[in-house]
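Below is the file input24.txt, which contains compact mmCIF, C-alpha atoms.
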```
# COMPACT_ATOMS: atom_id res chain seq x y z
CA MET A 1203 -60.57 -21.26 -76.02
CA LYS A 1204 -56.97 -20.13 -75.69
CA SER A 1205 -58.10 -16.75 -74.45
CA LYS A 1206 -60.32 -18.40 -71.80
CA ILE A 1207 -57.38 -20.44 -70.49
CA PHE A 1208 -55.17 -17.36 -70.47
CA PHE A 1209 -57.83 -15.39 -68.55
CA LYS A 1210 -58.13 -18.19 -65.92
CA LEU A 1211 -54.35 -18.33 -65.51
CA PHE A 1212 -54.14 -14.54 -65.24
CA THR A 1213 -56.89 -14.43 -62.61
CA ALA A 1214 -55.27 -17.21 -60.59
CA THR A 1215 -51.93 -15.40 -60.69
CA VAL A 1216 -53.44 -12.14 -59.46
CA ILE A 1217 -55.24 -13.90 -56.58
CA ALA A 1218 -52.12 -15.84 -55.63
CA SER A 1219 -50.06 -12.63 -55.67
CA ALA A 1220 -52.57 -10.81 -53.49
CA MET A 1221 -52.47 -13.65 -50.98
CA ALA A 1222 -48.68 -13.88 -50.99
CA PHE A 1223 -47.98 -10.17 -50.30
CA SER A 1224 -49.63 -8.22 -47.51
CA ILE A 1225 -50.79 -4.87 -48.84
CA PRO A 1226 -49.67 -1.92 -46.71
CA VAL A 1227 -52.42 -0.23 -44.71
CA SER A 1228 -51.99 3.04 -46.60
CA ALA A 1229 -52.51 1.33 -49.97
CA GLN A 1230 -55.72 -0.35 -48.95
CA GLU A 1231 -59.15 1.12 -49.43
CA THR A 1232 -59.33 2.46 -45.88
CA PRO A 1233 -62.48 4.12 -44.63
CA LYS A 1234 -62.30 7.79 -43.65
CA LEU A 1235 -61.08 8.34 -40.10
CA THR A 1236 -63.53 9.87 -37.66
CA ASP A 1237 -62.52 12.88 -35.56
CA ALA A 1238 -62.18 10.57 -32.51
CA GLU A 1239 -59.82 8.33 -34.49
CA ILE A 1240 -57.85 11.33 -35.77
CA ALA A 1241 -57.42 12.53 -32.18
CA SER A 1242 -56.08 9.08 -31.26
CA VAL A 1243 -53.59 9.08 -34.16
CA ALA A 1244 -52.42 12.61 -33.32
CA VAL A 1245 -51.84 11.87 -29.64
CA THR A 1246 -50.20 8.47 -30.33
CA ALA A 1247 -47.84 9.76 -33.02
CA ASN A 1248 -46.69 12.64 -30.83
CA GLN A 1249 -46.31 10.40 -27.77
CA ILE A 1250 -44.13 7.96 -29.73
CA ASP A 1251 -41.71 10.72 -30.71
CA ILE A 1252 -41.50 11.86 -27.08
CA GLU A 1253 -40.53 8.29 -26.15
CA TYR A 1254 -37.81 8.26 -28.84
CA ALA A 1255 -36.55 11.58 -27.43
CA GLN A 1256 -36.45 10.15 -23.91
CA ILE A 1257 -34.28 7.27 -25.14
CA ALA A 1258 -31.94 9.80 -26.79
CA GLN A 1259 -31.77 11.87 -23.61
CA LYS A 1260 -30.67 8.75 -21.71
CA LYS A 1261 -28.21 7.37 -24.25
CA SER A 1262 -26.66 10.24 -26.18
CA LYS A 1263 -23.86 12.57 -25.16
CA ASN A 1264 -23.87 14.55 -28.40
CA ALA A 1265 -24.91 18.18 -27.77
CA ASP A 1266 -26.80 18.56 -31.08
CA VAL A 1267 -28.70 15.30 -30.60
CA LEU A 1268 -29.56 16.20 -27.00
CA LYS A 1269 -30.75 19.67 -28.04
CA PHE A 1270 -32.87 18.17 -30.81
CA ALA A 1271 -34.33 15.55 -28.45
CA GLU A 1272 -35.20 18.24 -25.90
CA THR A 1273 -37.06 20.22 -28.59
CA MET A 1274 -38.92 17.07 -29.71
CA ALA A 1275 -40.01 16.24 -26.16
CA LYS A 1276 -41.28 19.77 -25.47
CA ASP A 1277 -42.91 20.48 -28.84
CA HIS A 1278 -44.72 17.15 -29.14
CA GLN A 1279 -45.97 17.50 -25.56
CA SER A 1280 -47.36 20.94 -26.50
CA VAL A 1281 -49.20 19.41 -29.46
CA ILE A 1282 -50.58 16.61 -27.25
CA ASP A 1283 -51.73 19.17 -24.65
CA GLN A 1284 -53.54 21.12 -27.38
CA ALA A 1285 -55.11 17.95 -28.83
CA VAL A 1286 -56.28 16.70 -25.43
CA ALA A 1287 -57.67 20.13 -24.52
CA LEU A 1288 -59.58 20.28 -27.81
CA ALA A 1289 -60.87 16.70 -27.50
CA THR A 1290 -62.08 17.51 -23.96
CA LYS A 1291 -63.75 20.70 -25.17
CA LEU A 1292 -65.48 18.86 -27.99
CA GLY A 1293 -66.40 15.89 -25.81
CA VAL A 1294 -64.48 13.54 -28.09
CA THR A 1295 -62.80 10.41 -26.68
CA PRO A 1296 -59.78 9.40 -28.80
CA LYS A 1297 -60.51 6.02 -30.43
CA ASP A 1298 -57.95 3.37 -31.41
CA ASN A 1299 -57.84 2.45 -35.09
CA ALA A 1300 -55.64 0.68 -37.68
CA THR A 1301 -53.36 3.73 -38.11
CA THR A 1302 -52.79 4.06 -34.36
CA LYS A 1303 -52.01 0.34 -34.13
CA SER A 1304 -49.63 0.59 -37.08
CA PHE A 1305 -47.75 3.50 -35.43
CA LEU A 1306 -47.54 1.60 -32.12
CA ALA A 1307 -46.31 -1.62 -33.76
CA GLY A 1308 -43.59 0.31 -35.58
CA ALA A 1309 -42.59 2.07 -32.36
CA VAL A 1310 -42.01 -1.21 -30.50
CA LYS A 1311 -39.52 -2.34 -33.14
CA THR A 1312 -37.84 1.06 -33.38
CA LYS A 1313 -37.39 1.42 -29.61
CA ALA A 1314 -35.83 -2.06 -29.46
CA MET A 1315 -33.47 -1.09 -32.30
CA LEU A 1316 -32.50 2.20 -30.63
CA ASN A 1317 -31.94 0.55 -27.26
CA SER A 1318 -29.56 -1.95 -28.87
CA LYS A 1319 -27.16 0.77 -30.09
CA ASN A 1320 -24.60 3.01 -28.40
CA GLY A 1321 -22.37 5.98 -29.12
CA ASP A 1322 -22.36 7.42 -32.63
CA ALA A 1323 -24.17 4.33 -33.94
CA PHE A 1324 -27.03 5.29 -31.63
CA ASN A 1325 -26.87 8.98 -32.60
CA LYS A 1326 -27.03 8.09 -36.29
CA ALA A 1327 -29.84 5.56 -35.80
CA TYR A 1328 -31.87 8.04 -33.71
CA ILE A 1329 -31.53 10.94 -36.12
CA ASP A 1330 -32.09 8.76 -39.21
CA ASN A 1331 -35.28 7.49 -37.60
CA GLU A 1332 -36.38 11.05 -36.77
CA VAL A 1333 -35.99 12.03 -40.42
CA ALA A 1334 -37.99 9.01 -41.60
CA TYR A 1335 -40.60 9.32 -38.83
CA HIS A 1336 -41.27 13.00 -39.48
CA LYS A 1337 -41.57 12.36 -43.22
CA ALA A 1338 -44.18 9.67 -42.51
CA ALA A 1339 -46.00 11.86 -39.98
CA ILE A 1340 -46.10 14.84 -42.37
CA ASN A 1341 -47.50 12.60 -45.09
CA GLU A 1342 -50.16 11.23 -42.72
CA VAL A 1343 -51.20 14.68 -41.46
CA GLU A 1344 -51.25 16.27 -44.92
CA ASN A 1345 -52.90 13.48 -46.87
CA VAL A 1346 -55.10 11.69 -44.33
CA LEU A 1347 -55.74 13.53 -41.08
CA ILE A 1348 -56.40 17.05 -42.40
CA PRO A 1349 -58.60 15.90 -45.33
CA ASP A 1350 -60.54 13.49 -43.08
CA ALA A 1351 -61.11 15.90 -40.16
CA THR A 1352 -64.65 17.24 -40.09
CA ASN A 1353 -64.47 19.54 -37.06
CA SER A 1354 -62.97 22.90 -38.07
CA GLU A 1355 -61.06 23.37 -34.79
CA LEU A 1356 -59.48 19.93 -35.15
CA LYS A 1357 -58.57 20.72 -38.76
CA ASN A 1358 -57.03 24.04 -37.61
CA LEU A 1359 -54.99 22.30 -34.92
CA LEU A 1360 -53.63 19.81 -37.46
CA GLN A 1361 -52.81 22.66 -39.84
CA SER A 1362 -50.97 24.44 -37.00
CA ALA A 1363 -49.01 21.27 -36.21
CA LEU A 1364 -47.90 20.70 -39.80
CA PRO A 1365 -45.28 23.53 -39.95
CA ILE A 1366 -43.95 22.31 -36.60
CA PHE A 1367 -43.33 18.83 -38.01
CA LYS A 1368 -41.78 20.29 -41.17
CA THR A 1369 -39.42 22.40 -39.03
CA HIS A 1370 -38.52 19.30 -37.02
CA LEU A 1371 -37.74 17.46 -40.25
CA ALA A 1372 -35.44 20.26 -41.48
CA HIS A 1373 -33.74 20.35 -38.05
CA ALA A 1374 -33.28 16.56 -38.08
CA GLU A 1375 -31.84 16.64 -41.60
CA MET A 1376 -29.38 19.33 -40.44
CA VAL A 1377 -28.19 17.18 -37.52
CA GLN A 1378 -28.16 14.11 -39.77
CA LYS A 1379 -25.41 15.68 -41.91
CA GLU A 1380 -23.12 15.54 -38.86
CA PHE A 1381 -23.30 11.72 -38.88
CA SER A 1382 -23.16 11.15 -42.61
CA LYS A 1383 -19.63 12.56 -43.04
CA MET B 352 -55.09 90.99 -1.90
CA ALA B 353 -52.69 92.92 -4.11
CA ASN B 354 -49.90 90.75 -2.73
CA THR B 355 -51.73 87.56 -3.71
CA TYR B 356 -52.35 88.94 -7.19
CA SER B 357 -48.64 89.75 -7.51
CA ILE B 358 -47.61 86.23 -6.49
CA LEU B 359 -50.01 84.66 -8.98
CA ARG B 360 -48.77 86.97 -11.74
CA ASN B 361 -45.14 86.08 -10.99
CA CYS B 362 -45.93 82.36 -11.03
CA ALA B 363 -47.69 82.72 -14.38
CA CYS B 364 -44.70 84.59 -15.80
CA LEU B 365 -42.32 81.90 -14.51
CA ILE B 366 -44.38 79.08 -16.05
CA LEU B 367 -44.54 80.98 -19.35
CA PHE B 368 -40.78 81.59 -19.26
CA ILE B 369 -40.03 77.89 -18.62
CA PHE B 370 -42.40 76.89 -21.42
CA LEU B 371 -40.83 79.33 -23.90
CA PHE B 372 -37.28 78.45 -22.83
CA ASN B 373 -37.88 74.77 -23.32
CA GLY B 374 -39.48 75.44 -26.68
CA CYS B 375 -36.45 77.40 -27.85
CA THR B 376 -33.82 74.94 -26.66
CA SER B 377 -35.50 71.67 -27.76
CA SER B 378 -33.94 70.34 -30.93
CA PRO B 379 -36.45 70.43 -33.80
CA GLU B 380 -34.73 67.31 -35.19
CA LYS B 381 -35.24 65.19 -32.07
CA ALA B 382 -35.57 61.58 -33.25
CA VAL B 383 -38.97 59.96 -32.94
CA HIS B 384 -38.37 56.27 -32.38
CA LYS B 385 -40.74 53.84 -34.01
CA VAL B 386 -42.10 50.53 -32.78
CA TYR B 387 -42.13 47.52 -35.12
CA ASN B 388 -43.81 44.16 -34.70
CA VAL B 389 -42.46 40.78 -35.76
CA GLU B 390 -44.99 37.93 -35.65
CA ILE B 391 -43.73 34.45 -34.87
CA LYS B 392 -46.17 32.17 -36.64
CA GLN B 393 -46.12 28.94 -38.63
CA MET B 394 -42.53 28.49 -37.40
CA GLN B 395 -41.30 31.67 -39.09
CA PHE B 396 -40.35 35.21 -38.14
CA GLN B 397 -42.65 37.47 -40.16
CA PRO B 398 -41.16 39.64 -41.57
CA ALA B 399 -37.91 37.69 -41.61
CA SER B 400 -35.91 40.83 -42.40
CA LEU B 401 -36.63 44.23 -40.86
CA THR B 402 -34.92 47.58 -41.51
CA VAL B 403 -35.06 50.05 -38.60
CA GLN B 404 -33.36 53.20 -37.27
CA LYS B 405 -31.03 53.00 -34.26
CA GLY B 406 -33.15 53.31 -31.11
CA ASP B 407 -36.33 51.87 -32.65
CA THR B 408 -38.10 49.14 -30.73
CA VAL B 409 -38.98 45.72 -32.12
CA ILE B 410 -41.62 43.57 -30.45
CA TRP B 411 -41.74 39.84 -31.18
CA THR B 412 -44.97 37.96 -30.40
CA ASN B 413 -45.29 34.18 -30.41
CA HIS B 414 -48.51 33.09 -32.15
CA ASP B 415 -47.49 29.41 -32.46
CA ILE B 416 -48.59 26.56 -30.19
CA VAL B 417 -44.99 25.79 -29.15
CA ALA B 418 -42.41 27.91 -27.31
CA HIS B 419 -39.84 29.95 -29.23
CA ASP B 420 -37.07 32.37 -28.40
CA VAL B 421 -35.33 35.25 -30.14
CA THR B 422 -31.54 35.05 -29.84
CA GLU B 423 -28.70 37.00 -31.44
CA GLU B 424 -27.04 34.35 -33.57
CA LYS B 425 -23.32 35.11 -33.81
CA GLU B 426 -22.24 35.84 -30.23
CA LYS B 427 -25.50 35.32 -28.30
CA ARG B 428 -25.32 38.99 -27.20
CA TRP B 429 -29.02 39.06 -26.37
CA THR B 430 -31.88 36.60 -26.02
CA SER B 431 -35.52 36.77 -25.09
CA GLY B 432 -35.43 33.48 -23.20
CA PRO B 433 -38.31 31.07 -23.88
CA LEU B 434 -41.50 32.75 -25.11
CA ALA B 435 -44.58 30.65 -24.37
CA PRO B 436 -47.49 30.78 -26.85
CA GLY B 437 -49.01 34.25 -26.70
CA GLU B 438 -46.01 35.92 -25.04
CA SER B 439 -44.12 38.94 -26.39
CA TRP B 440 -40.62 40.38 -25.97
CA SER B 441 -39.18 43.70 -27.03
CA LEU B 442 -35.71 45.02 -27.86
CA VAL B 443 -34.43 48.55 -28.45
CA VAL B 444 -32.26 48.01 -31.51
CA THR B 445 -28.80 49.58 -31.47
CA GLU B 446 -27.05 47.62 -34.20
CA SER B 447 -27.72 45.27 -37.08
CA ALA B 448 -27.96 41.60 -36.15
CA ASP B 449 -28.77 38.15 -37.44
CA TYR B 450 -30.96 36.30 -34.99
CA TYR B 451 -32.58 32.87 -34.70
CA CYS B 452 -34.75 30.69 -32.50
CA SER B 453 -32.30 28.60 -30.47
CA ILE B 454 -35.05 26.00 -29.90
CA HIS B 455 -35.78 25.59 -33.63
CA VAL B 456 -32.41 26.45 -35.10
CA ILE B 457 -33.58 26.69 -38.69
CA MET B 458 -35.83 29.68 -37.86
CA LYS B 459 -33.82 32.79 -38.69
CA GLY B 460 -34.36 36.54 -38.89
CA LYS B 461 -32.39 39.72 -39.59
CA LEU B 462 -32.38 43.27 -38.19
CA ILE B 463 -30.80 45.94 -40.35
CA VAL B 464 -30.03 49.33 -38.77
CA GLN B 465 -29.88 52.10 -41.39
```

Is it possible to give me this structure as structure tokens?
Amino acid sequence: MKSKIFFKLFTATVIASAMAFSIPVSAQETPKLTDAEIASVAVTANQIDIEYAQIAQKKSKNADVLKFAETMAKDHQSVIDQAVALATKLGVTPKDNATTKSFLAGAVKTKAMLNSKNGDAFNKAYIDNEVAYHKAAINEVENVLIPDATNSELKNLLQSALPIFKTHLAHAEMVQKEFSK
Amino acid sequence: MANTYSILRNCACLILFIFLFNGCTSSPEKAVHKVYNVEIKQMQFQPASLTVQKGDTVIWTNHDIVAHDVTEEKEKRWTSGPLAPGESWSLVVTESADYYCSIHVIMKGKLIVQ
């Protein structure tokens, strides 16, 4: 009898906990992304970092930050161009999905945060975000997009993009040291 | 007819003389310069370190999907300028140098002249 009561209490607690805390998208049992959805995530994620770079190019006067932002704008545009060319070749139309929406929602908040800062506070916020953003993007490409991609050319493109993002992360971490002194 | 034969014979002798003279005066130790290739791929210079003789040529080729450059690191004495995907650039090496990609500053390479 006691064990039955304990089991009911335990079950109620688990349900209440699940209702109280929203589970992150990545922790949920998410279905595999289709190639059209992967194309959408790839283009969106790269476009967001171009937009961050454009904010930096407007607001920063720091030579290292400006140089980094210029590289981000050019490299991510190159990746988008490759992704769009491949999607066109394959006849795939990028399709919105939960991951794309999650990236876009995060970008709205981050752009508002960046636009509210100036001077070295901006430089630090921009470069800190670049470190965090590239870590998240690398994780997404390595653990979701590449494993889920079914088309070999799309998989190859993602595998080509991965070292680019890792180089960006190392570059961002190098610039970050300038603002953590 | 005999005159024509004489002219032809003289020309042949002259050509033979020039050929033999050049053969005798050319240094047998004349350096043969080599050509080396450095691939830029997966955001790395491959090989990252290259040992050459003075006067050898190194050709860098960009196999990545983003632009790179090849720039002498310490004093910026030489640079390829931006290399679009698929483009190559060559340098006749005269001295050892550390170099890097000024677009992706963590990409580094080294030339060692023996």

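Proximity to chain B was assessed for A:Thr1369, A:Asn1341, A:Asn1317, A:Thr1312 counting all atoms listed in the file; the smallest distance is recorded for A:Thr1369.
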
Draw an axis-aligned box over all listed atoms of stretch 401-406 of chain B, pad each side with 5 Å, and write its centre and edge lengths in Å, one decimal, as lines of an AutoDock Vina configuration file.
```
center_x = -33.8
center_y = 48.8
center_z = -36.3
size_x = 15.6
size_y = 19.1
size_z = 20.4
```

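Pairwise distance (atom CA of A:Met1376, atom CA of B:Glu424) equals 16.7 Å.
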
Please provide as a PDB file with C-alpha atoms, in the coordinates of the input all residues within 12 Å of A:Glu1380, with the sequence filter that same-chain residues fewer than 6 positions apart are discarded (counting only C-alpha atoms).
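Ended up saving to result_28.pdb:
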```pdb
ATOM      1  CA  ASN A1264     -23.870  14.550 -28.400  1.00  0.00           C
ATOM      2  CA  ALA A1265     -24.910  18.180 -27.770  1.00  0.00           C
ATOM      3  CA  ASP A1266     -26.800  18.560 -31.080  1.00  0.00           C
ATOM      4  CA  VAL A1267     -28.700  15.300 -30.600  1.00  0.00           C
ATOM      5  CA  ASP A1322     -22.360   7.420 -32.630  1.00  0.00           C
ATOM      6  CA  ASN A1325     -26.870   8.980 -32.600  1.00  0.00           C
ATOM      7  CA  LYS A1326     -27.030   8.090 -36.290  1.00  0.00           C
ATOM      8  CA  ILE A1329     -31.530  10.940 -36.120  1.00  0.00           C
ATOM      9  CA  ASP A1330     -32.090   8.760 -39.210  1.00  0.00           C
ATOM     10  CA  HIS A1373     -33.740  20.350 -38.050  1.00  0.00           C
ATOM     11  CA  ALA A1374     -33.280  16.560 -38.080  1.00  0.00           C
TER      12      ALA A1374
END
```

Starting from chain B, keep only residues with some atom at most 8 Å from an atom of chain A, counting all atoms listed in the file, and report them as an NGL selection string.
-> :B and (393-394 or 415-418 or 454-457)

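Nearest to A:Ser1242 of all the residues A:Lys1303, A:Tyr1254, A:Gln1259, A:Asn1320 is A:Lys1303, counting all atoms listed in the file.
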
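From atom CA of A:Lys1260 back to atom CA of A:Asn1331, the distance works out to 16.6 Å.
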
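Proximity to A:Asn1345 at 12 Å, evaluated using all atoms listed in the file and with sequence-adjacent residues fewer than 2 positions away removed, yields Ser1228, Lys1234, Leu1235, Lys1337, Ala1338, Ala1339, Ile1340, Asn1341, Glu1342, Val1343, Leu1347, Ile1348, Pro1349, Asp1350, Ala1351, Leu1360, Gln1361 and Leu1364 of chain A.
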
Which distance in Å separates atom CA of A:Leu1306 and atom CA of A:Glu1253, to one decimal?
-> 11.4 Å

May I have the protein, DNA and RNA residues with any atom at most 6 Å from the point (-32.4, 31.2, -28.8), counting all atoms listed in the file, written as JSON, numbers by chain?
-> {"B": [420, 421, 422, 452, 453, 454]}

Using C-alpha atoms, can you export the residues from the last selection as a PDB file, in the coordinates of the input?
```pdb
ATOM      1  CA  ASP B 420     -37.070  32.370 -28.400  1.00  0.00           C
ATOM      2  CA  VAL B 421     -35.330  35.250 -30.140  1.00  0.00           C
ATOM      3  CA  THR B 422     -31.540  35.050 -29.840  1.00  0.00           C
ATOM      4  CA  CYS B 452     -34.750  30.690 -32.500  1.00  0.00           C
ATOM      5  CA  SER B 453     -32.300  28.600 -30.470  1.00  0.00           C
ATOM      6  CA  ILE B 454     -35.050  26.000 -29.900  1.00  0.00           C
TER       7      ILE B 454
END
```
